[in-house]
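Visitor: To be precise about what I am sending: the file is called my_file08.csv and holds CSV, C-alpha atoms.
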chain,number,residue,atom,x,y,z
A,8,MET,CA,3.1,-17.7,-1.1
A,9,HIS,CA,6.1,-17.7,-3.4
A,10,ASP,CA,8.0,-20.6,-1.8
A,11,THR,CA,8.8,-22.2,-5.2
A,12,THR,CA,9.9,-19.0,-6.8
A,13,THR,CA,13.7,-18.8,-7.3
A,14,VAL,CA,15.0,-15.2,-7.4
A,15,ASP,CA,18.6,-14.8,-8.6
A,16,ALA,CA,20.8,-11.7,-8.7
A,17,PHE,CA,19.5,-10.7,-12.1
A,18,ASP,CA,15.9,-10.9,-10.9
A,19,LEU,CA,16.8,-8.7,-7.8
A,20,ARG,CA,18.4,-6.1,-10.1
A,21,LEU,CA,15.4,-6.2,-12.4
A,22,LEU,CA,13.1,-5.7,-9.3
A,23,LEU,CA,15.3,-2.8,-8.1
A,24,ALA,CA,15.2,-1.1,-11.5
A,25,LEU,CA,11.4,-1.4,-11.6
A,26,GLN,CA,11.1,0.0,-8.1
A,27,ASP,CA,13.1,3.0,-9.3
A,28,ASP,CA,11.0,3.5,-12.4
A,29,GLY,CA,8.1,1.2,-13.3
A,30,ARG,CA,7.9,2.7,-16.8
A,31,LEU,CA,11.3,1.2,-17.9
A,32,THR,CA,11.2,-0.8,-21.1
A,33,ASN,CA,12.8,-4.2,-21.3
A,34,GLN,CA,15.5,-2.6,-23.4
A,35,GLN,CA,16.3,0.0,-20.7
A,36,ILE,CA,16.2,-2.7,-17.9
A,37,GLY,CA,18.5,-4.9,-20.0
A,38,GLU,CA,21.0,-2.0,-20.4
A,39,ARG,CA,21.0,-1.5,-16.6
A,40,ILE,CA,21.4,-5.1,-15.5
A,41,GLY,CA,23.3,-6.7,-18.4
A,42,LEU,CA,20.6,-8.8,-20.0
A,43,SER,CA,19.0,-8.8,-23.5
A,44,PRO,CA,15.5,-7.2,-23.8
A,45,SER,CA,14.0,-10.7,-24.4
A,46,GLN,CA,15.6,-12.1,-21.3
A,47,CYS,CA,14.3,-9.2,-19.3
A,48,SER,CA,10.8,-9.7,-20.8
A,49,ARG,CA,10.8,-13.4,-19.8
A,50,ARG,CA,12.1,-12.7,-16.3
A,51,ARG,CA,9.6,-9.9,-15.8
A,52,ALA,CA,6.7,-12.1,-17.0
A,53,ALA,CA,7.8,-14.9,-14.6
A,54,LEU,CA,8.1,-12.5,-11.7
A,55,GLU,CA,4.6,-11.1,-12.5
A,56,ALA,CA,3.2,-14.7,-12.8
A,57,ALA,CA,4.7,-15.6,-9.5
A,58,GLY,CA,3.1,-12.6,-7.8
A,59,LEU,CA,6.3,-10.9,-6.9
A,60,ILE,CA,5.3,-7.9,-9.1
A,61,ARG,CA,1.8,-7.0,-8.1
A,62,GLY,CA,1.2,-4.2,-10.6
A,63,TYR,CA,2.3,-0.9,-12.0
A,64,ARG,CA,0.8,2.6,-11.3
A,65,ALA,CA,1.5,6.3,-11.5
A,66,GLU,CA,2.4,8.0,-8.2
A,67,LEU,CA,0.2,11.1,-8.0
A,68,ALA,CA,1.0,14.3,-6.2
A,69,ALA,CA,-1.8,14.5,-3.5
A,70,GLU,CA,-1.2,18.1,-2.4
A,71,ALA,CA,-1.1,19.4,-6.0
A,72,LEU,CA,-4.4,17.7,-6.5
A,73,GLY,CA,-5.9,19.4,-3.4
A,74,LEU,CA,-5.6,16.6,-0.9
A,75,GLN,CA,-3.9,18.5,1.9
A,76,VAL,CA,-4.7,16.5,5.0
A,77,LEU,CA,-3.1,13.1,5.8
A,78,ALA,CA,-4.4,11.4,8.9
A,79,PHE,CA,-4.0,8.1,10.7
A,80,ILE,CA,-7.2,6.9,12.4
A,81,GLN,CA,-7.4,4.3,15.1
A,82,VAL,CA,-10.7,2.4,15.1
A,83,THR,CA,-12.1,0.2,17.8
A,84,LEU,CA,-15.1,-2.0,16.9
A,85,THR,CA,-18.3,-2.4,19.0
A,86,ALA,CA,-18.0,-6.2,19.1
A,87,HIS,CA,-15.3,-8.7,18.1
A,88,SER,CA,-17.3,-11.0,15.9
A,89,VAL,CA,-16.7,-12.3,12.4
A,90,GLU,CA,-19.9,-10.5,11.1
A,91,ASN,CA,-18.9,-7.1,12.7
A,92,ALA,CA,-15.4,-7.3,11.2
A,93,ARG,CA,-16.9,-8.2,7.8
A,94,ARG,CA,-19.2,-5.2,7.9
A,95,PHE,CA,-16.4,-2.9,8.8
A,96,ARG,CA,-14.2,-4.3,6.0
A,97,ASP,CA,-17.0,-3.8,3.6
A,98,LEU,CA,-17.2,-0.2,4.7
A,99,LEU,CA,-13.5,0.3,4.1
A,100,GLY,CA,-13.9,-1.0,0.6
A,101,ARG,CA,-16.4,1.8,-0.2
A,102,VAL,CA,-14.5,4.7,1.2
A,103,ALA,CA,-12.0,6.2,-1.3
A,104,GLU,CA,-10.4,8.5,1.3
A,105,ILE,CA,-9.0,5.5,3.2
A,106,GLN,CA,-5.8,4.6,1.4
A,107,GLU,CA,-4.6,1.8,3.7
A,108,ALA,CA,-6.1,-0.2,6.5
A,109,TYR,CA,-4.5,-2.6,8.9
A,110,ALA,CA,-5.9,-5.0,11.5
A,111,MET,CA,-3.8,-4.5,14.7
A,112,THR,CA,-2.9,-6.1,17.9
A,113,GLY,CA,-3.2,-4.1,21.1
A,114,ASP,CA,-5.8,-1.5,22.2
A,115,THR,CA,-6.9,-0.6,18.7
A,116,ASP,CA,-8.6,-3.0,16.3
A,117,TYR,CA,-7.7,-1.1,13.0
A,118,LEU,CA,-5.3,1.6,11.9
A,119,LEU,CA,-6.3,3.5,8.8
A,120,LYS,CA,-4.4,5.9,6.6
A,121,ALA,CA,-6.7,8.5,5.1
A,122,ILE,CA,-6.2,11.5,2.9
A,123,VAL,CA,-8.8,14.3,2.5
A,124,PRO,CA,-8.9,17.8,1.1
A,125,ASP,CA,-9.2,19.7,4.4
A,126,LEU,CA,-10.2,19.4,8.1
A,127,LYS,CA,-13.8,19.6,7.1
A,128,GLY,CA,-13.3,16.5,5.0
A,129,LEU,CA,-11.6,14.7,7.9
A,130,SER,CA,-14.5,15.6,10.2
A,131,ARG,CA,-17.0,14.2,7.6
A,132,LEU,CA,-15.0,11.0,7.3
A,133,VAL,CA,-14.7,10.5,11.1
A,134,ASN,CA,-18.2,11.6,12.1
A,135,ASP,CA,-20.4,10.9,9.2
A,136,VAL,CA,-18.8,7.7,7.8
A,137,LEU,CA,-16.8,5.9,10.5
A,138,LEU,CA,-18.6,6.8,13.8
A,139,ALA,CA,-22.0,6.6,12.0
A,140,HIS,CA,-21.3,3.0,11.1
A,141,ASP,CA,-22.9,0.5,13.6
A,142,SER,CA,-19.7,-1.6,13.7
A,143,VAL,CA,-17.6,1.2,15.1
A,144,ALA,CA,-17.4,2.0,18.8
A,145,ARG,CA,-14.5,4.5,19.0
A,146,VAL,CA,-12.3,6.5,16.6
A,147,ARG,CA,-9.2,8.5,17.4
A,148,SER,CA,-7.5,10.5,14.6
A,149,SER,CA,-4.0,12.0,14.4
A,150,ILE,CA,-3.2,14.5,11.7
A,151,VAL,CA,0.2,14.3,10.0
A,152,LEU,CA,2.1,17.6,10.5
A,153,ASP,CA,5.2,16.7,8.4
A,154,ARG,CA,6.1,13.6,6.3
A,155,LEU,CA,9.6,12.7,7.3
A,156,LYS,CA,9.9,9.7,4.9
A,157,ASP,CA,7.7,8.5,2.1
A,158,SER,CA,8.7,5.3,0.4
A,159,ALA,CA,6.9,2.3,-1.0
A,160,ARG,CA,10.2,0.7,-1.8
A,161,LEU,CA,10.8,-2.7,-0.4
A,162,PRO,CA,14.3,-3.3,1.2
A,163,LEU,CA,15.4,-5.9,-1.3
A,164,SER,CA,19.0,-5.7,0.0
A,165,VAL,CA,18.0,-7.5,3.2
A,166,LEU,CA,16.3,-10.5,1.5
A,167,PRO,CA,17.7,-13.9,2.4
A,168,ARG,CA,20.0,-15.3,-0.2
A,169,SER,CA,17.9,-18.4,-0.4
A,170,LEU,CA,14.8,-16.6,-1.8
Would you mind giving the structure from this file in structure tokens?
Guide:
Amino acid sequence: MHDTTTVDAFDLRLLLALQDDGRLTNQQIGERIGLSPSQCSRRRAALEAAGLIRGYRAELAAEALGLQVLAFIQVTLTAHSVENARRFRDLLGRVAEIQEAYAMTGDTDYLLKAIVPDLKGLSRLVNDVLLAHDSVARVRSSIVLDRLKDSARLPLSVLPRSL
């Protein structure tokens, strides 16, 4: 938790700038938000140390790299035990095609976001990896036809003022 972290207007502007472009230098951020590069550096380091900035990475073009099929996969486990859930989570950690995984309420235990080169790759993932695992009882996949919005940006404008 970040209960003791105080985020002011400069920090929010710094975070917004980094969300736009994680490669910005402290000089460039300072020019955008009205602080010196050294002030930006100290603030960025403090936000990183507090865990508010988790990391930096390049956003790759999946389709250009041959990853054409995006799918959401609902998974129901065979049994609801700590051991079964652990074994399934261990499986998820070994499967590179699964980009995101969420434990869910409702009829489905997990919702997975997966990306594969083609339908054959999705079939292999569903049949040879997920359904073949002894912790999995049922799998239901949905293929994305069109991506209407793609954003990893957090809605910083709706944060409470007391953050």
Visitor: I'd like to know which of A:Val146, A:Leu126, A:Leu21, A:Ala16 is closest to Val76 (chain A), using all atoms listed in the file.
Guide: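 Looking at the shortest contact to Val76 (chain A), the residue is A:Leu126.
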Visitor: In Å, rounded to a single decimal, give me how far CA of Phe79 (chain A) is from CA of Val151 (chain A).
Guide: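 Interatomic distance, CA of Val151 (chain A) to CA of Phe79 (chain A): 7.5 Å.
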Visitor: Between A:Ala71, A:Ala159, A:Val82, A:Ile40, single out the one closest to Pro124 (chain A), counting only C-alpha atoms.
Guide: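 Nearest to Pro124 (chain A): A:Ala71.
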Visitor: Excluding Val143 (chain A) and residues on its chain fewer than 6 positions from it, collect all residues at most 9 Å away from it, counting only C-alpha atoms, and give them as a PyMOL selection string.
Guide: chain A and resi 82-86+91+95+137
Visitor: Which residue, A:Leu72, A:Ile80, A:Ala52, A:Val123, has the smallest gap to Tyr109 (chain A) when you use all atoms listed in the file?
Guide: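 Of the candidates, the smallest distance to Tyr109 (chain A) is held by A:Ile80.
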Visitor: What does the distance from CA of Ala144 (chain A) to CA of Tyr117 (chain A) come to in Å, to one decimal?
Guide: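 Separation of CA of Ala144 (chain A) and CA of Tyr117 (chain A): 11.7 Å.
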Visitor: To one decimal place, how far is CA of Ser45 (chain A) from CA of Arg61 (chain A) in Å?
Guide: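 Value for the CA of Ser45 (chain A)-CA of Arg61 (chain A) distance: 20.7 Å.
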Visitor: With only C-alpha atoms as the basis for distance, which of A:Asp28, A:Glu66, A:Asp125, A:Asp18 is at the shortest distance from Gln46 (chain A)?
Guide: A:Asp18
Visitor: Report as a list in words all protein, DNA and RNA residues lying within 12 Å of Arg160 (chain A), evaluated on only C-alpha atoms, omitting residues in the same chain fewer than 3 positions from it.
Guide: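 Residues meeting the cut-off are Leu22, Leu23, Ala24, Leu25, Gln26, Asp27, Asp28, Gly29, Lys156, Asp157, Leu163 and Ser164 of chain A.
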Visitor: Using only C-alpha atoms, which residue out of A:Ala103, A:Leu42, A:Ala92, A:Val165 lies closest to Leu132 (chain A)?
Guide: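 Smallest distance to Leu132 (chain A) is found for A:Ala103.
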Visitor: Working from the structure I just supplied, which lacks atoms in region 19-35 of chain A, can you model N, CA and C atoms there and output them as a short mmCIF file (atom, residue, chain, number, x, y, z; two decimals), in the frame of the given file?
Guide:
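Done, and the output landed in selection_27.cif:
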data_model
loop_
_atom_site.label_atom_id
_atom_site.label_comp_id
_atom_site.auth_asym_id
_atom_site.auth_seq_id
_atom_site.Cartn_x
_atom_site.Cartn_y
_atom_site.Cartn_z
N LEU A 19 16.74 -9.80 -8.85
CA LEU A 19 16.80 -8.70 -7.80
C LEU A 19 17.14 -7.39 -8.49
N ARG A 20 18.08 -7.39 -9.40
CA ARG A 20 18.40 -6.10 -10.10
C ARG A 20 17.28 -5.64 -10.95
N LEU A 21 16.57 -6.56 -11.57
CA LEU A 21 15.40 -6.20 -12.40
C LEU A 21 14.33 -5.57 -11.44
N LEU A 22 14.08 -6.19 -10.29
CA LEU A 22 13.10 -5.70 -9.30
C LEU A 22 13.52 -4.28 -8.83
N LEU A 23 14.80 -4.12 -8.53
CA LEU A 23 15.30 -2.80 -8.10
C LEU A 23 15.09 -1.76 -9.15
N ALA A 24 15.39 -2.10 -10.39
CA ALA A 24 15.20 -1.10 -11.50
C ALA A 24 13.74 -0.75 -11.63
N LEU A 25 12.84 -1.71 -11.53
CA LEU A 25 11.40 -1.40 -11.60
C LEU A 25 10.92 -0.60 -10.45
N GLN A 26 11.49 -0.83 -9.25
CA GLN A 26 11.10 0.00 -8.10
C GLN A 26 11.52 1.44 -8.33
N ASP A 27 12.64 1.65 -9.00
CA ASP A 27 13.10 3.00 -9.30
C ASP A 27 12.20 3.68 -10.33
N ASP A 28 11.79 2.91 -11.34
CA ASP A 28 11.00 3.50 -12.40
C ASP A 28 10.20 2.34 -13.08
N GLY A 29 8.92 2.24 -12.77
CA GLY A 29 8.10 1.20 -13.30
C GLY A 29 7.78 1.32 -14.79
N ARG A 30 8.18 2.44 -15.41
CA ARG A 30 7.90 2.70 -16.80
C ARG A 30 9.09 2.18 -17.71
N LEU A 31 10.13 1.65 -17.10
CA LEU A 31 11.30 1.20 -17.90
C LEU A 31 10.87 0.12 -18.89
N THR A 32 11.41 0.23 -20.09
CA THR A 32 11.20 -0.80 -21.10
C THR A 32 12.15 -1.97 -20.81
N ASN A 33 11.88 -3.09 -21.43
CA ASN A 33 12.80 -4.20 -21.30
C ASN A 33 14.18 -3.89 -21.83
N GLN A 34 14.24 -3.07 -22.86
CA GLN A 34 15.50 -2.60 -23.40
C GLN A 34 16.28 -1.81 -22.35
N GLN A 35 15.61 -0.88 -21.71
CA GLN A 35 16.30 0.00 -20.70
C GLN A 35 16.71 -0.87 -19.49
#
